[in-house]
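Enquirer: What follows is coords-v8.txt; its format and atoms are compact mmCIF, C-alpha atoms and all ligand atoms.
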# COMPACT_ATOMS: atom_id res chain seq x y z
CA MET A 87 7.50 -8.97 -16.80
CA GLY A 88 9.21 -12.37 -17.03
CA THR A 89 8.52 -14.30 -20.21
CA VAL A 90 4.76 -13.91 -20.11
CA SER A 91 3.49 -11.09 -22.29
CA ASP A 92 1.26 -8.36 -20.84
CA ALA A 93 -1.60 -9.48 -23.08
CA GLU A 94 -1.56 -12.96 -21.52
CA LYS A 95 -1.20 -12.08 -17.85
CA LYS A 96 -2.15 -8.92 -16.02
CA PRO A 97 -0.25 -8.13 -12.85
CA ILE A 98 -2.05 -7.97 -9.53
CA VAL A 99 -1.87 -4.45 -8.17
CA ILE A 100 -2.68 -3.25 -4.67
CA PHE A 101 -2.74 0.52 -4.23
CA VAL A 102 -1.40 1.56 -0.82
CA LEU A 103 -2.82 4.93 0.18
CA GLY A 104 -2.84 7.06 3.31
CA GLY A 105 -1.66 10.44 4.47
CA PRO A 106 2.01 11.46 4.59
CA GLY A 107 3.66 9.60 7.47
CA SER A 108 0.77 7.18 8.00
CA GLY A 109 3.22 4.25 7.73
CA LYS A 110 2.72 3.05 4.14
CA GLY A 111 6.41 2.43 3.44
CA THR A 112 6.95 0.71 6.79
CA GLN A 113 4.07 -1.72 6.25
CA CYS A 114 4.98 -2.33 2.59
CA ALA A 115 8.43 -3.53 3.70
CA SER A 116 6.78 -6.15 5.95
CA ILE A 117 4.35 -7.20 3.21
CA VAL A 118 7.29 -7.72 0.82
CA GLU A 119 9.07 -9.84 3.42
CA ASN A 120 6.04 -11.95 4.30
CA PHE A 121 4.09 -12.17 1.06
CA GLY A 122 6.60 -11.55 -1.75
CA HIS A 123 5.05 -8.54 -3.46
CA THR A 124 7.24 -6.01 -5.23
CA HIS A 125 7.03 -2.61 -3.57
CA LEU A 126 6.87 0.39 -5.88
CA SER A 127 6.82 3.69 -4.00
CA ALA A 128 5.88 6.46 -6.43
CA GLY A 129 7.69 8.97 -4.20
CA ASP A 130 10.88 6.86 -4.19
CA LEU A 131 10.73 6.50 -7.99
CA LEU A 132 10.41 10.28 -8.34
CA ARG A 133 13.30 10.88 -5.93
CA ALA A 134 15.44 8.38 -7.89
CA GLU A 135 14.54 10.25 -11.09
CA ILE A 136 15.86 13.49 -9.56
CA LYS A 137 19.10 11.75 -8.56
CA SER A 138 19.55 10.24 -12.02
CA GLY A 139 19.98 13.74 -13.48
CA SER A 140 16.95 13.36 -15.76
CA GLU A 141 15.63 16.39 -17.66
CA ASN A 142 12.53 16.30 -15.43
CA GLY A 143 14.66 16.33 -12.27
CA THR A 144 14.40 20.03 -11.45
CA MET A 145 10.66 20.14 -12.10
CA ILE A 146 10.10 17.06 -9.87
CA GLN A 147 12.31 18.49 -7.12
CA ASN A 148 10.36 21.75 -7.10
CA MET A 149 7.00 19.96 -7.00
CA ILE A 150 8.12 17.77 -4.08
CA LYS A 151 9.45 20.77 -2.14
CA GLU A 152 6.03 22.39 -2.51
CA GLY A 153 4.13 19.18 -1.73
CA LYS A 154 2.52 19.33 -5.18
CA ILE A 155 1.53 16.43 -7.39
CA VAL A 156 3.90 15.68 -10.28
CA PRO A 157 2.14 15.35 -13.69
CA SER A 158 0.63 11.90 -14.22
CA GLU A 159 2.55 11.04 -17.36
CA VAL A 160 5.88 11.34 -15.53
CA THR A 161 4.85 9.14 -12.58
CA ILE A 162 2.99 6.59 -14.70
CA LYS A 163 5.99 6.15 -17.01
CA LEU A 164 8.22 5.45 -14.01
CA LEU A 165 5.73 2.97 -12.56
CA GLN A 166 5.27 1.19 -15.89
CA LYS A 167 9.03 0.92 -16.41
CA ALA A 168 9.51 -0.53 -12.92
CA MET A 169 6.70 -3.05 -13.49
CA HIS A 170 8.08 -4.15 -16.84
CA GLU A 171 11.55 -4.58 -15.40
CA SER A 172 10.23 -6.79 -12.60
CA GLU A 173 9.93 -10.56 -12.79
CA ASN A 174 7.11 -10.40 -10.27
CA ASP A 175 3.41 -10.26 -11.08
CA LYS A 176 2.16 -8.78 -7.80
CA PHE A 177 2.83 -5.19 -6.87
CA LEU A 178 2.22 -2.78 -4.04
CA ILE A 179 1.92 0.67 -5.57
CA ASP A 180 2.55 3.00 -2.65
CA GLY A 181 1.53 6.68 -2.61
CA PHE A 182 -0.19 6.60 -6.01
CA PRO A 183 -2.74 7.53 -7.40
CA ARG A 184 -2.67 10.87 -5.62
CA ASN A 185 -5.59 12.48 -7.39
CA GLU A 186 -8.48 11.59 -9.66
CA GLU A 187 -6.49 12.48 -12.76
CA ASN A 188 -3.63 10.14 -11.69
CA ARG A 189 -6.16 7.37 -11.16
CA ALA A 190 -8.00 7.75 -14.44
CA ALA A 191 -4.77 8.11 -16.43
CA PHE A 192 -3.21 5.01 -14.81
CA GLU A 193 -6.26 2.86 -15.52
CA ALA A 194 -6.54 4.17 -19.10
CA VAL A 195 -2.85 3.72 -19.94
CA THR A 196 -2.16 0.39 -18.20
CA LYS A 197 -5.67 -1.11 -18.39
CA ILE A 198 -5.05 -2.25 -14.83
CA GLU A 199 -7.55 -1.85 -12.00
CA PRO A 200 -6.30 -2.49 -8.48
CA ALA A 201 -7.36 -5.71 -6.75
CA PHE A 202 -8.06 -3.45 -3.78
CA VAL A 203 -6.78 -0.40 -1.92
CA LEU A 204 -5.05 -0.65 1.44
CA PHE A 205 -5.93 2.60 3.15
CA PHE A 206 -3.91 3.63 6.20
CA ASP A 207 -6.07 5.89 8.30
CA CYS A 208 -4.15 8.05 10.79
CA PRO A 209 -4.81 11.39 12.55
CA GLU A 210 -2.77 14.35 11.31
CA GLU A 211 -1.14 15.02 14.71
CA GLU A 212 0.29 11.49 14.74
CA MET A 213 1.46 11.70 11.11
CA GLU A 214 3.10 15.07 11.82
CA ARG A 215 4.91 13.62 14.87
CA ARG A 216 6.18 10.68 12.82
CA ILE A 217 7.40 12.76 9.89
CA LEU A 218 9.19 15.25 12.11
CA SER A 219 11.16 12.45 13.74
CA ARG A 220 11.79 10.52 10.52
CA ASN A 221 15.27 11.99 9.97
CA GLU A 222 15.84 10.84 6.40
CA GLY A 223 16.87 14.26 5.17
CA ARG A 224 13.86 14.62 2.85
CA VAL A 225 13.34 18.13 1.44
CA ASP A 226 9.62 17.88 2.22
CA ASP A 227 9.88 16.73 5.84
CA ASN A 228 9.61 20.23 7.31
CA ILE A 229 6.57 21.71 9.00
CA GLU A 230 5.75 24.13 6.15
CA THR A 231 5.72 21.43 3.45
CA ILE A 232 4.05 18.90 5.74
CA ARG A 233 1.04 21.22 6.14
CA LYS A 234 0.84 21.61 2.34
CA ARG A 235 1.03 17.82 1.89
CA PHE A 236 -1.81 17.33 4.40
CA LYS A 237 -3.95 19.81 2.45
CA VAL A 238 -3.23 18.09 -0.88
CA PHE A 239 -4.02 14.74 0.73
CA GLN A 240 -7.38 15.97 2.03
CA GLU A 241 -8.40 17.76 -1.13
CA SER A 242 -6.99 15.54 -3.87
CA SER A 243 -6.05 12.09 -2.56
CA LEU A 244 -9.01 11.29 -0.30
CA PRO A 245 -11.42 11.54 -3.26
CA VAL A 246 -9.47 8.66 -4.86
CA VAL A 247 -10.04 6.57 -1.72
CA GLU A 248 -13.72 7.53 -1.83
CA TYR A 249 -13.93 6.52 -5.50
CA TYR A 250 -12.58 3.04 -4.79
CA ASP A 251 -14.71 2.80 -1.66
CA SER A 252 -17.79 3.30 -3.82
CA LYS A 253 -16.62 0.23 -5.77
CA GLY A 254 -16.18 -1.82 -2.57
CA LYS A 255 -12.42 -1.92 -3.00
CA VAL A 256 -11.13 -0.13 0.11
CA ARG A 257 -9.64 -2.05 3.04
CA LYS A 258 -9.26 0.53 5.79
CA ILE A 259 -6.69 0.05 8.53
CA ASP A 260 -6.26 1.93 11.81
CA ALA A 261 -2.69 3.13 11.25
CA ALA A 262 -2.38 5.04 14.53
CA LYS A 263 -1.55 1.81 16.38
CA PRO A 264 1.98 0.45 16.96
CA VAL A 265 3.75 -0.98 13.88
CA GLU A 266 3.23 -4.64 14.87
CA GLU A 267 -0.48 -4.19 15.53
CA VAL A 268 -0.96 -2.42 12.22
CA PHE A 269 0.78 -5.30 10.49
CA GLU A 270 -1.57 -7.83 12.15
CA ALA A 271 -4.46 -5.98 10.53
CA VAL A 272 -2.60 -5.86 7.21
CA LYS A 273 -1.90 -9.60 7.35
CA ALA A 274 -5.57 -10.38 7.87
CA ILE A 275 -6.29 -8.59 4.61
CA ILE A 276 -3.37 -9.79 2.49
CA THR A 277 -3.36 -13.46 3.54
CA PRO A 278 -4.75 -15.53 0.66
CA LYS A 279 -8.13 -17.14 1.30
CA GLU A 280 -6.76 -20.72 1.11
CA GLU A 281 -4.22 -19.93 3.84
CA LYS A 282 -6.96 -18.61 6.11
CA VAL A 283 -8.99 -21.80 5.65
CA LYS A 284 -5.94 -23.96 6.44
CA TYR A 285 -5.12 -21.90 9.53
CA HIS A 286 -8.72 -21.92 10.72
CA SER A 287 -8.96 -25.72 10.37
CA TYR A 288 -5.67 -26.29 12.23
CA ALA A 289 -6.81 -24.00 15.02
CA ILE A 290 -10.03 -25.96 15.43
CA LEU A 291 -8.15 -29.28 15.35
CA GLU A 292 -5.82 -28.03 18.07
CA GLU A 293 -8.76 -26.92 20.19
CA LEU A 294 -10.37 -30.35 19.81
CA SER A 295 -7.21 -32.19 20.83
CA PHE A 296 -7.07 -30.12 24.05
CA SER A 297 -10.59 -31.13 24.91
CA ASP A 298 -10.69 -34.54 23.30
CA THR A 299 -12.25 -36.09 26.40
CA TYR A 300 -15.36 -34.06 25.78
CA GLY A 301 -15.05 -32.93 22.18
CA PRO A 302 -16.62 -34.73 19.23
CA PRO A 303 -14.44 -36.86 16.95
CA VAL A 304 -12.79 -34.95 14.13
CA THR A 305 -14.47 -36.14 10.99
CA GLU A 306 -14.21 -35.24 7.34
CA SER A 307 -17.51 -33.43 7.61
CA SER A 308 -16.46 -31.25 10.57
CA LEU A 309 -13.42 -30.09 8.57
CA GLU A 310 -15.65 -29.43 5.59
CA HIS A 311 -17.82 -27.35 7.91
CA ASN A 312 -14.75 -25.40 9.08
CA LYS A 313 -13.89 -24.63 5.48
CA LYS A 314 -17.36 -23.29 4.87
CA VAL A 315 -17.37 -20.98 7.89
CA ALA A 316 -13.83 -19.68 7.28
CA VAL A 317 -13.61 -16.40 5.36
N1 LIG B 1 2.66 2.45 13.43
C1 LIG B 1 3.68 3.29 13.63
N2 LIG B 1 3.89 3.83 14.84
C2 LIG B 1 4.90 4.70 15.07
N3 LIG B 1 5.78 5.10 14.11
C3 LIG B 1 5.61 4.60 12.87
C4 LIG B 1 4.57 3.68 12.56
N4 LIG B 1 4.64 3.35 11.26
C5 LIG B 1 5.68 4.04 10.76
N5 LIG B 1 6.28 4.78 11.73
C6 LIG B 1 7.41 5.70 11.57
O1 LIG B 1 6.87 6.91 11.05
C7 LIG B 1 7.67 7.44 10.03
C8 LIG B 1 6.86 7.49 8.72
O2 LIG B 1 6.59 6.16 8.29
P1 LIG B 1 6.61 5.78 6.75
O3 LIG B 1 7.80 6.37 6.11
O4 LIG B 1 6.41 4.32 6.66
O5 LIG B 1 5.29 6.54 6.27
P2 LIG B 1 4.74 6.82 4.81
O6 LIG B 1 3.27 6.76 4.89
O7 LIG B 1 5.40 5.91 3.83
O8 LIG B 1 5.23 8.32 4.61
P3 LIG B 1 5.33 9.22 3.28
O9 LIG B 1 4.03 9.17 2.59
O10 LIG B 1 5.64 10.57 3.81
O11 LIG B 1 6.45 8.64 2.46
C9 LIG B 1 8.90 6.54 9.94
O12 LIG B 1 9.95 7.11 10.69
C10 LIG B 1 8.44 5.22 10.57
O13 LIG B 1 9.49 4.53 11.19
O1 LIG B 2 2.41 9.71 -7.23
C1 LIG B 2 3.09 10.60 -6.66
C2 LIG B 2 3.88 10.34 -5.54
C3 LIG B 2 4.59 11.35 -4.95
N1 LIG B 2 4.55 12.59 -5.47
C4 LIG B 2 5.37 13.68 -4.89
O2 LIG B 2 6.37 13.16 -4.04
C5 LIG B 2 6.17 13.64 -2.70
C6 LIG B 2 6.58 12.62 -1.70
O3 LIG B 2 5.75 11.45 -1.84
P1 LIG B 2 5.80 10.28 -0.75
O4 LIG B 2 4.71 9.33 -1.14
O5 LIG B 2 5.53 10.93 0.57
O6 LIG B 2 7.15 9.67 -0.79
C7 LIG B 2 4.70 14.08 -2.66
O7 LIG B 2 4.42 15.02 -1.67
C8 LIG B 2 4.53 14.65 -4.07
O8 LIG B 2 5.12 15.92 -4.16
C9 LIG B 2 3.80 12.85 -6.59
O9 LIG B 2 3.74 13.98 -7.08
N2 LIG B 2 3.09 11.85 -7.16
Now that the file is in, can you turn its structure into structure tokens?

Expert:
Amino acid sequence: MGTVSDAEKKPIVIFVLGGPGSGKGTQCASIVENFGHTHLSAGDLLRAEIKSGSENGTMIQNMIKEGKIVPSEVTIKLLQKAMHESENDKFLIDGFPRNEENRAAFEAVTKIEPAFVLFFDCPEEEMERRILSRNEGRVDDNIETIRKRFKVFQESSLPVVEYYDSKGKVRKIDAAKPVEEVFEAVKAIITPKEEKVKYHSYAILEELSFSDTYGPPVTESSLEHNKKVAV
């Protein structure tokens, strides 16, 4: 990554998890646009690997058709390659880790722990509706495979969310809402702390100027107070 060696600087990784069709890819695109992360969708990397004519292509294609989880070493290699080829040092890893073995292998191989996990929580009926109207020609966007993917998500992927939750690293989002509302919730989580303090102080200043007849003068200490109460 860039000119800085891995030993000197570890990338910041956010895992983006949620059921199939919960809106991970959609929200990642907005995060990239607004916050400059690099988006690595494990599913997209696997689909690109099939297209490239790699020796693993047929195996990956069959696993995806069945909604099964591709062996960790294949997915981790693709993720590592994409991270090394990037100049960026902050990544959204979308749709990975999908099971406990994926998680443990990723942490062992890369020595990277996620900063946190964005978890998109959405009811199955809504996810099913969204996938069935996605129209991207994916081999796994049919009702039979969707049901298998839901089962794999419940049985294998949710335990990963629970693992990170036990470490206080899960930021859960209600993903059943409209796209823009979901992104408001995402923004509140991704926005760096310093930005929130700045915004909070400006908001209070604006409020004071509206009511300056009655409001107290804005002093250094009242701004300091704002900083302290801002998250
Ligand atoms: N909040 C939302 N409300 C309604 N539709 C949405 C919302 N978010 C995404 N969609 C739509 O639902 C479909 C699935 O979204 P998306 O591809 O982002 O989900 P995903 O979680 O990345 O899915 P997968 O895990 O299957 O790749 C897309 O057609 C997208 O436009
Ligand atoms: O880490 C991963 C990510 C994906 N898969 C396989 O790909 C499909 C589609 O994944 P999306 O995230 O919905 O694009 C998934 O059902 C798995 O079969 C994987 O094995 N490992």

Enquirer: For Asn174 (chain A), work out the shell of residues within 12 Å, counting only C-alpha atoms and skipping chain neighbours fewer than 4 positions away, then give it as JSON, numbers by chain.

Expert: {"A": [87, 88, 89, 90, 95, 96, 97, 98, 99, 118, 121, 122, 123, 124, 125, 126, 168, 169, 170, 178]}

Enquirer: Each residue of chain A with at least one atom at most 6 Å from ligand LIG 1 (chain B) should appear once, together with its nearest atom pair and the corresponding distance in Å (one decimal); atoms considered: all atoms listed in the file; ordering: chain, then increasing residue number; output as CSV.

Expert:
residue,atom,partner,partner_atom,distance
A:Pro106,CA,B:LIG1,O9,3.7
A:Gly107,CA,B:LIG1,O8,3.5
A:Ser108,CA,B:LIG1,O6,4.0
A:Gly109,CA,B:LIG1,O4,3.4
A:Lys110,CA,B:LIG1,O6,3.8
A:Gly111,CA,B:LIG1,O7,3.6
A:Thr112,CA,B:LIG1,O4,3.7
A:Arg216,CA,B:LIG1,O1,4.2
A:Ile217,CA,B:LIG1,C7,5.3
A:Arg220,CA,B:LIG1,O12,3.9
A:Ala261,CA,B:LIG1,N1,5.8
A:Ala262,CA,B:LIG1,N1,5.8
A:Lys263,CA,B:LIG1,N1,5.2
A:Pro264,CA,B:LIG1,N1,4.1
A:Val265,CA,B:LIG1,N1,3.6

Enquirer: I'd like the contact shell of Lys154 (chain A) - 9 Å cut-off, only C-alpha atoms, skipping same-chain residues fewer than 4 positions apart - returned as a list of chain:residue names.

Expert: A:Asn148, A:Met149, A:Ile150, A:Lys234, A:Arg235, A:Val238

Enquirer: Rounded to one decimal, what separation in Å do you get between CA of Leu103 (chain A) and CA of Ser140 (chain A)?

Expert: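 That distance, rounded to one decimal, is 26.8 Å.
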
Enquirer: Quick one: residues within 7 Å of Gly181 (chain A), only C-alpha atoms, excluding same-chain residues fewer than 4 positions away - as a VMD selection string?

Expert: chain A and resid 102 to 103 127 to 129

Enquirer: Find the residue from A:Thr277, A:Ser158, A:Thr144, A:Gln240 that sits nearest to ligand LIG 2 (chain B); use all atoms listed in the file when measuring.

Expert: A:Ser158

Enquirer: With all atoms listed in the file as the basis for distance, which of A:Ile136, A:Leu204, A:Ile229, A:Ile117 is at the shortest distance from Gly254 (chain A)?

Expert: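 Answer, going by the shortest atom-to-atom distance: A:Leu204.
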
Enquirer: Hey, can you check how far CA of Leu244 (chain A) sits from CA of Gly143 (chain A)?

Expert: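 Interatomic distance here is 27.0 Å.
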
Enquirer: Report, as JSON, the centre and edge lengths in Å (one decimal) of the axis-aligned box enclosing every listed atom of region 195-202 of chain A, padded by 4 Å on each side.

Expert:
{"center_x": -5.1, "center_y": -1.0, "center_z": -11.9, "size_x": 13.9, "size_y": 17.4, "size_z": 24.2}

Enquirer: Of the residues A:Asn120, A:Thr161, A:Gly104, A:Glu152, which is the one nearest to Ile232 (chain A), using all atoms listed in the file?

Expert: A:Glu152

Enquirer: Quick one: pull the distance between CA of Phe239 (chain A) and atom O7 of ligand LIG 2 (chain B), Å, one decimal.

Expert: 8.8 Å

Enquirer: Measuring atom to atom with only C-alpha atoms and all ligand atoms, identify which of A:Pro157, A:Pro200, A:Gly223, A:Pro245 is nearest to ligand LIG 2 (chain B).

Expert: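 That would be A:Pro157, the residue with the smallest distance to ligand LIG 2 (chain B).
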
Enquirer: Please determine, counting all atoms listed in the file, which residue among A:Tyr250, A:Phe205, A:Ala190, A:Leu218 has the shortest atom-to-atom distance to Ile275 (chain A).

Expert: A:Phe205
